[in-house]
Amino acid sequence: MKKVLMIVQNDFVNDSRIIKEANTLGKNGYEVLVLALYREKLKKKERFDFFDVERIQLFTRDKLSNRIIYLQFIKYIEFYNKCVNRAKIFVPDIVHCHDMSTLPIGRKIQKTIGCKFIYDSHELWSHSSGVSKYPSYLLKYRNNLEKRVAIKSDAIITVSDSIANKLEEQFSLDRKPIVNRNIPLKKDIKVKQNIFRNKFNISADKKIILYQGGVSKGRGIEKTIESIPLIDNNIVLVILGNGVLTNNLKELAIKLRVEDRV
């Protein structure tokens, strides 16, 4: 039985994309182990339907500040070393790295064990909403690091054709990355009530545009609100989420006189 080691730098809670990928591999005869980060109240070891998860406890995680960059690096080194050491015991045939932060770990495991190395890019990292917090020199370094390590992988997977095209250009690849869309599994759901219409008193003749997710910069929410005055009056926007832009978006809706539609 071939072994797949997946690495993700988060707590691995409700990560639907990785769950579906790992279950699919498990169903098809692979032994799959996911390495993630441990936090309080989560299980250090957990069995899903067709794969196992091990959450790695970092002794530096709670002791060092998240606000100072070099302290973050110290925490990363601990995670890096523990993942590599676990890989030496597990001895995977394939190491599957999720997102840019785990790339150096996967590359080290590839060189140490001689296994295949896959980069699964869940987003276009260089243009994601979180990069604005990094100093320009660090952002440039990380962009260069992503390219240098990604081109050493045996395959690159991403979430859409547009991102695949951009990565092919950005990394000067010989072939386009594989596209694996994170489409929700089909479920038959019988809805007995319309929560949004009842809660916000939206009449049945109006159409609802739903934004669901974090309310932060770089997600196009402001542009969406700015477009509301330009479209039919029977269309309303429901924002399901919270974040640093919540009050700003409320003020924008009032300024554009569409607060009754947002």
# chains A, B, ... in the order shown; residues from 1 in each chain; ligands from 1
>>> residues_around(residues="Ile19 in chain A", least_positions_apart="6", cutoff="12 Å", atoms="only C-alpha atoms", output="PyMOL selection string")
chain A and resi 6+8+12-13+25-27+32-34+47-53+98+182+184-185
>>> residues_around(residues="Tyr119 in chain A", least_positions_apart="5", cutoff="12 Å", atoms="only C-alpha atoms", output="PyMOL selection string")
chain A and resi 6-8+94-107+110+146-147+149-159+167+177-179
>>> write_last_selection(atoms="N, CA and C atoms", output="tab-separated table (two decimals), in the first residue's frame")
chain	number	residue	atom	x	y	z
A	6	MET	N	0.17	14.26	3.91
A	6	MET	CA	-0.31	15.61	3.64
A	6	MET	C	0.11	16.53	4.78
A	7	ILE	N	0.50	17.76	4.43
A	7	ILE	CA	0.93	18.72	5.44
A	7	ILE	C	0.15	20.01	5.26
A	8	VAL	N	-0.43	20.50	6.36
A	8	VAL	CA	-1.18	21.75	6.33
A	8	VAL	C	-0.83	22.55	7.58
A	94	ILE	N	4.55	9.70	-1.27
A	94	ILE	CA	4.19	11.03	-1.79
A	94	ILE	C	4.03	11.98	-0.62
A	95	VAL	N	4.59	13.18	-0.71
A	95	VAL	CA	4.31	14.23	0.26
A	95	VAL	C	3.50	15.30	-0.47
A	96	HIS	N	2.34	15.61	0.09
A	96	HIS	CA	1.36	16.50	-0.54
A	96	HIS	C	1.24	17.75	0.33
A	97	CYS	N	1.78	18.87	-0.16
A	97	CYS	CA	1.85	20.10	0.63
A	97	CYS	C	0.73	21.06	0.26
A	98	HIS	N	-0.01	21.49	1.27
A	98	HIS	CA	-1.14	22.39	1.05
A	98	HIS	C	-0.73	23.83	1.36
A	99	ASP	N	-0.74	24.64	0.32
A	99	ASP	CA	-0.43	26.07	0.37
A	99	ASP	C	1.06	26.33	0.56
A	100	MET	N	1.40	27.60	0.31
A	100	MET	CA	2.79	28.00	0.18
A	100	MET	C	3.63	27.74	1.43
A	101	SER	N	3.04	27.91	2.60
A	101	SER	CA	3.82	27.84	3.84
A	101	SER	C	4.43	26.46	4.09
A	102	THR	N	3.86	25.41	3.52
A	102	THR	CA	4.38	24.07	3.76
A	102	THR	C	5.35	23.60	2.67
A	103	LEU	N	5.57	24.43	1.66
A	103	LEU	CA	6.44	24.03	0.55
A	103	LEU	C	7.86	23.66	1.00
A	104	PRO	N	8.53	24.50	1.81
A	104	PRO	CA	9.89	24.13	2.22
A	104	PRO	C	9.94	22.80	2.98
A	105	ILE	N	8.89	22.51	3.73
A	105	ILE	CA	8.84	21.24	4.47
A	105	ILE	C	8.77	20.08	3.49
A	106	GLY	N	7.88	20.21	2.50
A	106	GLY	CA	7.74	19.15	1.50
A	106	GLY	C	9.01	18.93	0.71
A	107	ARG	N	9.69	20.01	0.35
A	107	ARG	CA	10.94	19.90	-0.41
A	107	ARG	C	12.01	19.18	0.41
A	110	GLN	N	11.14	15.55	0.46
A	110	GLN	CA	11.44	14.98	-0.86
A	110	GLN	C	12.93	14.64	-0.97
A	146	GLU	N	8.50	30.68	-3.13
A	146	GLU	CA	7.42	29.86	-3.67
A	146	GLU	C	7.79	29.34	-5.05
A	147	LYS	N	8.29	30.22	-5.90
A	147	LYS	CA	8.64	29.81	-7.27
A	147	LYS	C	9.78	28.79	-7.26
A	149	VAL	N	10.80	26.71	-5.02
A	149	VAL	CA	10.47	25.40	-4.46
A	149	VAL	C	9.39	24.71	-5.29
A	150	ALA	N	8.40	25.47	-5.75
A	150	ALA	CA	7.28	24.87	-6.50
A	150	ALA	C	7.76	24.19	-7.78
A	151	ILE	N	8.75	24.78	-8.45
A	151	ILE	CA	9.22	24.18	-9.70
A	151	ILE	C	10.00	22.88	-9.46
A	152	LYS	N	10.33	22.60	-8.20
A	152	LYS	CA	10.99	21.34	-7.86
A	152	LYS	C	9.98	20.22	-7.60
A	153	SER	N	8.69	20.57	-7.54
A	153	SER	CA	7.66	19.58	-7.26
A	153	SER	C	7.43	18.69	-8.47
A	154	ASP	N	6.85	17.51	-8.22
A	154	ASP	CA	6.53	16.60	-9.31
A	154	ASP	C	5.20	16.94	-9.96
A	155	ALA	N	4.36	17.67	-9.25
A	155	ALA	CA	3.07	18.12	-9.81
A	155	ALA	C	2.55	19.28	-8.98
A	156	ILE	N	1.80	20.16	-9.64
A	156	ILE	CA	1.16	21.29	-8.96
A	156	ILE	C	-0.34	21.19	-9.19
A	157	ILE	N	-1.10	21.34	-8.12
A	157	ILE	CA	-2.56	21.30	-8.17
A	157	ILE	C	-3.07	22.66	-7.71
A	158	THR	N	-4.15	23.13	-8.31
A	158	THR	CA	-4.77	24.36	-7.82
A	158	THR	C	-6.27	24.30	-8.02
A	159	VAL	N	-6.96	25.41	-7.72
A	159	VAL	CA	-8.41	25.36	-7.55
A	159	VAL	C	-9.22	25.86	-8.74
A	167	LEU	N	-0.27	30.65	-12.48
A	167	LEU	CA	0.88	29.93	-11.92
A	167	LEU	C	1.80	29.42	-13.03
A	177	PRO	N	-0.71	23.63	-14.36
A	177	PRO	CA	-1.07	22.87	-13.16
A	177	PRO	C	-2.42	22.17	-13.30
A	178	ILE	N	-2.56	21.09	-12.57
A	178	ILE	CA	-3.81	20.33	-12.56
A	178	ILE	C	-4.86	21.11	-11.78
A	179	VAL	N	-6.07	21.19	-12.31
A	179	VAL	CA	-7.16	21.91	-11.63
A	179	VAL	C	-8.05	20.91	-10.91
>>> closest_residue(among="A:Lys2, A:Tyr137, A:Leu173, A:Glu123", to="Gly29 in chain A", atoms="only C-alpha atoms")
A:Lys2
>>> select_by_dssp(residues="range 36-176 of chain A", states="helix (DSSP H, G or I)", output="ChimeraX atom specification")
/A:69-90,100-113,125-127,129-133,136-150,161-170
>>> select_by_dssp(residues="range 47-250 of chain A", states="strand (DSSP E)", output="NGL selection string")
:A and (47 or 52-56 or 94-98 or 116-121 or 155-158 or 178-179 or 207-212 or 235-240)
>>> closest_residue(among="A:Gly114, A:Arg148, A:Asn234, A:Gly243", to="Gly213 in chain A", atoms="only C-alpha atoms")
A:Gly243
>>> closest_residue(among="A:Asn143, A:Val238, A:Ala253, A:Ser162", to="Lys199 in chain A", atoms="only C-alpha atoms")
A:Val238
>>> closest_residue(among="A:Glu169, A:Glu40, A:Glu78, A:Glu259", to="Leu237 in chain A", atoms="only C-alpha atoms")
A:Glu259
>>> closest_residue(among="A:Leu139, A:Ile225, A:Leu35, A:Val236", to="Glu251 in chain A", atoms="only C-alpha atoms")
A:Ile225
>>> residues_around(residues="Phe196 in chain A", least_positions_apart="4", cutoff="9 Å", atoms="only C-alpha atoms", output="ChimeraX atom specification")
/A:200-202,208,238
>>> write_last_selection(atoms="C-alpha atoms", output="compact mmCIF listing (two decimals), in the first residue's frame")
# COMPACT_ATOMS: atom_id res chain seq x y z
CA PHE A 200 -34.44 40.62 6.81
CA ASN A 201 -38.04 40.87 5.60
CA ILE A 202 -37.10 40.27 1.96
CA ILE A 208 -30.75 37.45 -3.21
CA VAL A 238 -26.84 39.54 1.97
>>> atom_distance(atom1="CA of Ile89 in chain A", atom2="CA of Gln57 in chain A")
17.3 Å
>>> closest_residue(among="A:Asp120, A:Glu168, A:Glu31, A:Glu46", to="Arg17 in chain A", atoms="only C-alpha atoms")
A:Asp120
>>> atom_distance(atom1="CA of Phe171 in chain A", atom2="CA of Asn144 in chain A")
9.5 Å
